[in-house]
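Visitor: Got a structure for you, written out below as structure tokens; questions coming shortly.
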Amino acid sequence: MKRGVSLYLDLVRFSAAMIVFIEHFRERTKRAFSEIWVSHPFAYTHLFPLSQTAVIVFFVLSGFVIAHVLATRERTPLEYAASRFGRLYSVVVPALLLMLAVNYLITLRYPDAFDTQGDRITVFFDYLRTSVFVSNFWLWREFEITGAPFWSLSIEVTYYIGIALLVFIKGRVRIVSLVLLCLAAGPTMILLAPTWLAGYGVYHLSLRRRLPAAAAAMCWLTSLGLLLLCPLIEIHMRQPMPFLRMPDRHVGGLLASYAGAGLFALNILAFNDFSDWAEPLLRRFSGLIRWLGSITFALYMFHMSILSFFVVYPIGQIGSHTQLAAMIGGTFLLAATVGHLCEQSKGAYKKAFLWVWRKFARRVSSPPPAGPGIQFSGRPEQGL
């Protein structure tokens with residue numbers, strides 16, 4: 001991958017996470033401080049449709065990056081699985097622990113804050129399904145654990161598994177495995193799959209074709225402008241699709257997802273063709289961009305828990321600038337510190353996965369112990 005393209009994707013990734021953060025910040029503050037915020041200009045900065053486009057951008061980015069790693073360095077199922085495990089759980093484990101702690105502290109002040117608080121077995125299985133990324137499967141009831149946007153992560157991990165089945169398995173086993181995965185995952189993940197595959201496909205397309213730099217720059221600018229207009233589809237087409245397990249259960253939300261995925265895939269393709277022009281500018285800020293990219297996943301996974309905590313346990317007067325500064329500053333402080341540590345711990349999680357796998361493989365492949373009075377050797381007649 002070109003250095004300029006890599007820097008651009010890091011910048012886009014952080015920008016998308018910021019859009020999601022701003023929308024959730026607005027939601028939390030407006031809901032908690034409705035009387036104070038009713039006349040505040042920020043209360044009307046509604047980014048919900050654009051935040052859905054930002055999530056679709058994450059899906060396209062994910063498909064693009066997975067295509068790159070499969071083509072360049074993760075050539076075996078074990079390498080692929082270990083890398084995905086390290087990348088995910090280095091952030092997911094701290095995010096789950098943070099959610100548990102914050103939700104517990106919230107219930108101390110508001111015992112009835114969560115509908116399922118009285119059913120501890122249900123809560124346990126909800127967290128368990130969330131921890132293994134199957135929370136959005138339609139095999140069980142729909143639920144949401146307050147604290148992190150795991151619904152999108154569940155979808156993304158399903159696509160990780162699906163593409164691994166396509167790449168590493170052959171013949172009828174691949175077909176049967178994909179069918180079973182689709183049956184387990186359900187219609188939402190099947191309908192949103194083209195958004196992830198758009199990123200996967202555009203990576204391979206970028207290796208085979210190239211536009212003149214000037215035309216590519218114009219195409220990039222046009223696709224970016226149209227991408228920002230995608231929420232209009234979602235706003236004006238509100239026919240309900242209640243079976244969908246995504247925040248906007250309407251035809252418009254699904255069509256906007258397809259349009260956003262196609263436009264952002266085109267945006268990446270165009271940028272790739274004129275990245276040699278843009279790289280000198282991006283390189284000047286490469287340190288900052290790389291740092292922002294490194295904390296993006298943590299920002300995305302941590303921010304809802306932190307915002308919820310500061311709403312329930314405010315610093316300063318409710319709705320004051322002090323509390324709002326604490327909500328924003330606390331979120332970025334935790335994302336920058338813990339998120340940086342999470343980024344550094346990926347290798348440790350990957351090594352732990354490989355160690356467990358080797359132990360399991362050695363145990364499975366080792367021959368069974370001989371029974372009493374029976375000895376095995378190279379000559380079968382001995383010991384019989």
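Chain lettering (A, B, ...) mirrors the order of the structure tokens, residue numbering begins at 1 for each chain separately, and ligand numbering begins at 1 in order of display.
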List as an NGL selection string the protein and nucleic acid residues near Leu226 in chain A, meaning an atom at most 12 Å away when only C-alpha atoms are counted, but skip any in the same chain fewer than 3 places from it.
Guide: :A and (53 or 219-223 or 229-233 or 256 or 259-264 or 266-267)
Visitor: Can those selected residues be exported to a file as a compact mmCIF listing (two decimals), in the first residue's frame so that it contains C-alpha atoms?
Guide:
```txt
# COMPACT_ATOMS: atom_id res chain seq x y z
CA THR A 53 -22.49 6.99 6.78
CA CYS A 219 -13.12 12.22 -9.19
CA TRP A 220 -11.93 12.17 -5.57
CA LEU A 221 -13.37 15.62 -4.85
CA THR A 222 -16.70 14.81 -6.52
CA SER A 223 -17.10 11.48 -4.70
CA LEU A 229 -25.01 14.09 0.68
CA CYS A 230 -25.82 10.39 1.20
CA PRO A 231 -27.79 11.09 4.42
CA LEU A 232 -30.42 12.84 2.27
CA ILE A 233 -31.42 9.40 0.97
CA ALA A 256 -27.83 5.26 1.83
CA ALA A 259 -24.58 4.69 -1.97
CA GLY A 260 -22.07 5.63 0.72
CA ALA A 261 -20.09 2.43 0.25
CA GLY A 262 -19.92 2.86 -3.53
CA LEU A 263 -18.90 6.50 -3.31
CA PHE A 264 -16.25 5.94 -0.66
CA LEU A 266 -14.59 5.30 -5.61
CA ASN A 267 -13.01 7.92 -3.36
```
Visitor: Per residue of range 63-153 of chain A within 10 Å of range 298-308 of chain A, record the nearest atom pair and its distance in Å to one decimal, counting only C-alpha atoms, with rows in chain order and ascending residue number, as a Markdown table.
Guide:
```
| residue | atom | partner | partner_atom | distance |
| --- | --- | --- | --- | --- |
| A:Ser90 | CA | A:Ala298 | CA | 9.4 |
| A:Val91 | CA | A:Ala298 | CA | 6.2 |
| A:Val92 | CA | A:Met301 | CA | 7.5 |
| A:Pro94 | CA | A:Phe302 | CA | 8.6 |
| A:Ala95 | CA | A:Phe302 | CA | 5.8 |
| A:Leu96 | CA | A:Met301 | CA | 9.0 |
| A:Leu98 | CA | A:Ser305 | CA | 7.0 |
| A:Met99 | CA | A:Ser305 | CA | 5.8 |
| A:Leu100 | CA | A:Ser305 | CA | 9.2 |
| A:Ala101 | CA | A:Ser305 | CA | 9.1 |
| A:Val102 | CA | A:Ser305 | CA | 6.4 |
| A:Asn103 | CA | A:Ser305 | CA | 8.0 |
| A:Ile106 | CA | A:Ser308 | CA | 8.3 |
| A:Thr146 | CA | A:Ser305 | CA | 7.4 |
| A:Gly147 | CA | A:Ser305 | CA | 4.2 |
| A:Ala148 | CA | A:Met301 | CA | 5.3 |
| A:Pro149 | CA | A:Met301 | CA | 6.6 |
| A:Phe150 | CA | A:Met301 | CA | 7.9 |
| A:Leu153 | CA | A:Met301 | CA | 9.5 |
```
Visitor: Can I get the selected residues back with N, CA and C atoms, as a short mmCIF file (atom, residue, chain, number, x, y, z; two decimals), in the first residue's frame?
Guide:
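File produced: again-v4.cif:
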```
data_model
loop_
_atom_site.label_atom_id
_atom_site.label_comp_id
_atom_site.auth_asym_id
_atom_site.auth_seq_id
_atom_site.Cartn_x
_atom_site.Cartn_y
_atom_site.Cartn_z
N SER A 90 -7.27 -6.66 21.75
CA SER A 90 -6.45 -5.66 22.43
C SER A 90 -7.26 -4.44 22.84
N VAL A 91 -8.37 -4.17 22.13
CA VAL A 91 -9.25 -3.06 22.47
C VAL A 91 -10.56 -3.55 23.08
N VAL A 92 -11.06 -4.68 22.61
CA VAL A 92 -12.37 -5.16 23.07
C VAL A 92 -12.33 -5.55 24.54
N PRO A 94 -10.39 -4.31 27.10
CA PRO A 94 -10.52 -3.10 27.93
C PRO A 94 -11.89 -2.43 27.78
N ALA A 95 -12.47 -2.47 26.57
CA ALA A 95 -13.78 -1.84 26.38
C ALA A 95 -14.86 -2.56 27.18
N LEU A 96 -14.83 -3.89 27.20
CA LEU A 96 -15.79 -4.65 27.99
C LEU A 96 -15.62 -4.40 29.49
N LEU A 98 -14.36 -1.73 30.85
CA LEU A 98 -14.82 -0.37 31.09
C LEU A 98 -16.35 -0.32 31.13
N MET A 99 -17.01 -1.03 30.22
CA MET A 99 -18.46 -1.08 30.22
C MET A 99 -19.01 -1.68 31.50
N LEU A 100 -18.42 -2.78 31.95
CA LEU A 100 -18.87 -3.41 33.19
C LEU A 100 -18.75 -2.45 34.37
N ALA A 101 -17.60 -1.79 34.46
CA ALA A 101 -17.37 -0.87 35.57
C ALA A 101 -18.34 0.31 35.53
N VAL A 102 -18.50 0.92 34.37
CA VAL A 102 -19.36 2.09 34.26
C VAL A 102 -20.82 1.71 34.48
N ASN A 103 -21.27 0.62 33.89
CA ASN A 103 -22.66 0.21 34.08
C ASN A 103 -22.95 -0.13 35.54
N ILE A 106 -23.27 3.13 37.36
CA ILE A 106 -24.55 3.76 37.04
C ILE A 106 -25.68 3.14 37.87
N THR A 146 -25.35 -1.18 26.90
CA THR A 146 -25.01 0.23 26.91
C THR A 146 -23.52 0.40 27.17
N GLY A 147 -22.85 1.12 26.31
CA GLY A 147 -21.45 1.40 26.56
C GLY A 147 -20.54 1.38 25.34
N ALA A 148 -20.90 0.66 24.29
CA ALA A 148 -20.03 0.61 23.12
C ALA A 148 -20.85 0.16 21.91
N PRO A 149 -20.48 0.63 20.71
CA PRO A 149 -21.23 0.27 19.49
C PRO A 149 -20.86 -1.11 18.98
N PHE A 150 -21.17 -2.14 19.76
CA PHE A 150 -20.79 -3.50 19.38
C PHE A 150 -21.61 -4.04 18.21
N LEU A 153 -19.43 -3.91 15.25
CA LEU A 153 -18.28 -4.81 15.36
C LEU A 153 -18.70 -6.26 15.12
#
```
Visitor: From a DSSP pass on the backbone, collect the residues of range 228-282 of chain A flagged as helix (DSSP H, G or I) and hand them back as an MDAnalysis selection string.
Guide: chainID A and resid 228:229 231:236 251:282
Visitor: Please, could you write that set of residues out with C-alpha atoms as a JSON list (two decimals), in the first residue's frame?
Guide:
```json
[["chain", "number", "residue", "atom", "x", "y", "z"],
["A", 228, "LEU", "CA", -21.60, 13.91, 2.39],
["A", 229, "LEU", "CA", -25.01, 14.09, 0.68],
["A", 231, "PRO", "CA", -27.79, 11.09, 4.42],
["A", 232, "LEU", "CA", -30.42, 12.84, 2.27],
["A", 233, "ILE", "CA", -31.42, 9.40, 0.97],
["A", 234, "GLU", "CA", -31.89, 8.22, 4.53],
["A", 235, "ILE", "CA", -33.90, 11.29, 5.50],
["A", 236, "HIS", "CA", -36.34, 11.20, 2.58],
["A", 251, "VAL", "CA", -35.25, 1.46, 3.27],
["A", 252, "GLY", "CA", -33.48, 4.81, 3.14],
["A", 253, "GLY", "CA", -30.87, 3.68, 5.64],
["A", 254, "LEU", "CA", -30.04, 0.61, 3.56],
["A", 255, "LEU", "CA", -29.94, 2.52, 0.26],
["A", 256, "ALA", "CA", -27.83, 5.26, 1.83],
["A", 257, "SER", "CA", -25.44, 2.56, 3.02],
["A", 258, "TYR", "CA", -25.06, 1.20, -0.51],
["A", 259, "ALA", "CA", -24.58, 4.69, -1.97],
["A", 260, "GLY", "CA", -22.07, 5.63, 0.72],
["A", 261, "ALA", "CA", -20.09, 2.43, 0.25],
["A", 262, "GLY", "CA", -19.92, 2.86, -3.53],
["A", 263, "LEU", "CA", -18.90, 6.50, -3.31],
["A", 264, "PHE", "CA", -16.25, 5.94, -0.66],
["A", 265, "ALA", "CA", -14.84, 2.98, -2.60],
["A", 266, "LEU", "CA", -14.59, 5.30, -5.61],
["A", 267, "ASN", "CA", -13.01, 7.92, -3.36],
["A", 268, "ILE", "CA", -10.26, 5.51, -2.28],
["A", 269, "LEU", "CA", -9.70, 4.39, -5.86],
["A", 270, "ALA", "CA", -9.33, 7.97, -7.06],
["A", 271, "PHE", "CA", -7.05, 8.99, -4.20],
["A", 272, "ASN", "CA", -4.81, 6.03, -4.90],
["A", 273, "ASP", "CA", -4.25, 7.36, -8.43],
["A", 274, "PHE", "CA", -3.13, 10.84, -7.37],
["A", 275, "SER", "CA", -1.64, 9.98, -3.97],
["A", 276, "ASP", "CA", 1.83, 10.81, -5.27],
["A", 277, "TRP", "CA", 0.67, 14.43, -5.45],
["A", 278, "ALA", "CA", -0.89, 14.41, -1.98],
["A", 279, "GLU", "CA", 1.77, 12.42, -0.16],
["A", 280, "PRO", "CA", 4.25, 15.33, 0.39],
["A", 281, "LEU", "CA", 1.52, 17.30, 2.18],
["A", 282, "LEU", "CA", 0.36, 14.36, 4.29]]
```
Visitor: Return as a Markdown table the residues of range 83-194 of chain A lying at most 12 Å from range 311-326 of chain A, together with the closest atom-to-atom pair for each and the distance in Å to one decimal, counting only C-alpha atoms, with rows in chain order and ascending residue number.
Guide:
```
| residue | atom | partner | partner_atom | distance |
| --- | --- | --- | --- | --- |
| A:Val102 | CA | A:Val312 | CA | 9.7 |
| A:Asn103 | CA | A:Val312 | CA | 10.3 |
| A:Tyr104 | CA | A:Val312 | CA | 11.6 |
| A:Leu105 | CA | A:Val312 | CA | 8.8 |
| A:Ile106 | CA | A:Val312 | CA | 6.6 |
| A:Thr107 | CA | A:Val312 | CA | 9.9 |
| A:Leu108 | CA | A:Val312 | CA | 10.3 |
| A:Arg109 | CA | A:Val312 | CA | 7.8 |
| A:Tyr110 | CA | A:Val312 | CA | 8.8 |
| A:Ala113 | CA | A:Val312 | CA | 10.6 |
```
Visitor: Output N, CA and C atoms for every residue in that selection, as a PDB file, in the first residue's frame.
Guide:
```pdb
ATOM      1  N   VAL A 102     -18.496   0.918  34.366  1.00  0.00           N
ATOM      2  CA  VAL A 102     -19.361   2.088  34.255  1.00  0.00           C
ATOM      3  C   VAL A 102     -20.821   1.712  34.485  1.00  0.00           C
ATOM      4  N   ASN A 103     -21.274   0.618  33.888  1.00  0.00           N
ATOM      5  CA  ASN A 103     -22.665   0.213  34.085  1.00  0.00           C
ATOM      6  C   ASN A 103     -22.947  -0.130  35.542  1.00  0.00           C
ATOM      7  N   TYR A 104     -21.959  -0.722  36.231  1.00  0.00           N
ATOM      8  CA  TYR A 104     -22.131  -1.005  37.657  1.00  0.00           C
ATOM      9  C   TYR A 104     -22.252   0.295  38.447  1.00  0.00           C
ATOM     10  N   LEU A 105     -21.392   1.272  38.153  1.00  0.00           N
ATOM     11  CA  LEU A 105     -21.449   2.553  38.856  1.00  0.00           C
ATOM     12  C   LEU A 105     -22.762   3.289  38.582  1.00  0.00           C
ATOM     13  N   ILE A 106     -23.272   3.129  37.357  1.00  0.00           N
ATOM     14  CA  ILE A 106     -24.554   3.763  37.043  1.00  0.00           C
ATOM     15  C   ILE A 106     -25.678   3.138  37.866  1.00  0.00           C
ATOM     16  N   THR A 107     -25.669   1.818  37.999  1.00  0.00           N
ATOM     17  CA  THR A 107     -26.729   1.151  38.771  1.00  0.00           C
ATOM     18  C   THR A 107     -26.647   1.477  40.257  1.00  0.00           C
ATOM     19  N   LEU A 108     -25.456   1.846  40.750  1.00  0.00           N
ATOM     20  CA  LEU A 108     -25.364   2.258  42.145  1.00  0.00           C
ATOM     21  C   LEU A 108     -26.167   3.530  42.396  1.00  0.00           C
ATOM     22  N   ARG A 109     -26.177   4.405  41.417  1.00  0.00           N
ATOM     23  CA  ARG A 109     -26.937   5.654  41.580  1.00  0.00           C
ATOM     24  C   ARG A 109     -28.366   5.504  41.086  1.00  0.00           C
ATOM     25  N   TYR A 110     -28.562   4.725  40.023  1.00  0.00           N
ATOM     26  CA  TYR A 110     -29.903   4.510  39.465  1.00  0.00           C
ATOM     27  C   TYR A 110     -30.132   3.007  39.312  1.00  0.00           C
ATOM     28  N   ALA A 113     -31.727   1.580  36.093  1.00  0.00           N
ATOM     29  CA  ALA A 113     -31.243   2.194  34.848  1.00  0.00           C
ATOM     30  C   ALA A 113     -31.337   1.246  33.666  1.00  0.00           C
TER      31      ALA A 113
END
```
Visitor: Please tabulate, as a Markdown table, the residues of range 91-182 of chain A that come within 9 Å of range 64-76 of chain A, each with its closest pair of atoms and the distance in Å to one decimal, counting only C-alpha atoms and ordering rows by chain, then residue number upward.
Guide:
```
| residue | atom | partner | partner_atom | distance |
| --- | --- | --- | --- | --- |
| A:Tyr160 | CA | A:Ile66 | CA | 7.9 |
| A:Ile163 | CA | A:Ile66 | CA | 8.8 |
| A:Val167 | CA | A:Leu70 | CA | 8.7 |
| A:Phe168 | CA | A:Thr76 | CA | 7.5 |
```
Visitor: Would you write out those residues with N, CA and C atoms, as a CSV table (one decimal), in the first residue's frame?
Guide:
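File part.csv, as written:
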```csv
chain,number,residue,atom,x,y,z
A,160,TYR,N,-15.1,-10.8,8.5
A,160,TYR,CA,-13.8,-11.4,8.6
A,160,TYR,C,-13.9,-12.9,8.4
A,163,ILE,N,-14.9,-13.9,4.6
A,163,ILE,CA,-13.8,-13.8,3.6
A,163,ILE,C,-12.8,-14.9,3.9
A,167,VAL,N,-11.4,-17.5,1.1
A,167,VAL,CA,-10.0,-17.5,0.6
A,167,VAL,C,-9.3,-18.8,1.0
A,168,PHE,N,-9.6,-19.3,2.2
A,168,PHE,CA,-8.8,-20.5,2.6
A,168,PHE,C,-9.5,-21.8,2.5
```
Visitor: Please, what distance in Å, to one decimal, runs between CA of Trp355 in chain A and CA of Ala81 in chain A?
Guide: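 Distance reported for this atom pair: 12.8 Å.
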Visitor: What does the structure give for the distance between CA of Lys170 in chain A and CA of Met1 in chain A, in Å to one decimal?
Guide: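 For CA of Lys170 in chain A relative to CA of Met1 in chain A, the distance reads 27.8 Å.
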Visitor: When you look at Arg129 in chain A with a cut-off of 12 Å (counting only C-alpha atoms), what residues show up, excluding the ones that are within fewer than 2 positions of it in the same chain? I need them as a PyMOL selection string.
Guide: chain A and resi 96+122-127+131-145+150-151+154
Visitor: From the list A:Lys350, A:Arg174, A:Arg283, A:Arg208, which residue is nearest Tyr8 in chain A when using only C-alpha atoms?
Guide: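 The shortest atom-to-atom distance to Tyr8 in chain A comes from A:Arg283.
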Visitor: Compare A:Pro77, A:Val157, A:Leu244, A:Ala335 by their minimum atom-to-atom distance to Ile169 in chain A, counting only C-alpha atoms, and give me the closest one.
Guide: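 Looking only at the distances to Ile169 in chain A, the closest residue turns out to be A:Pro77.
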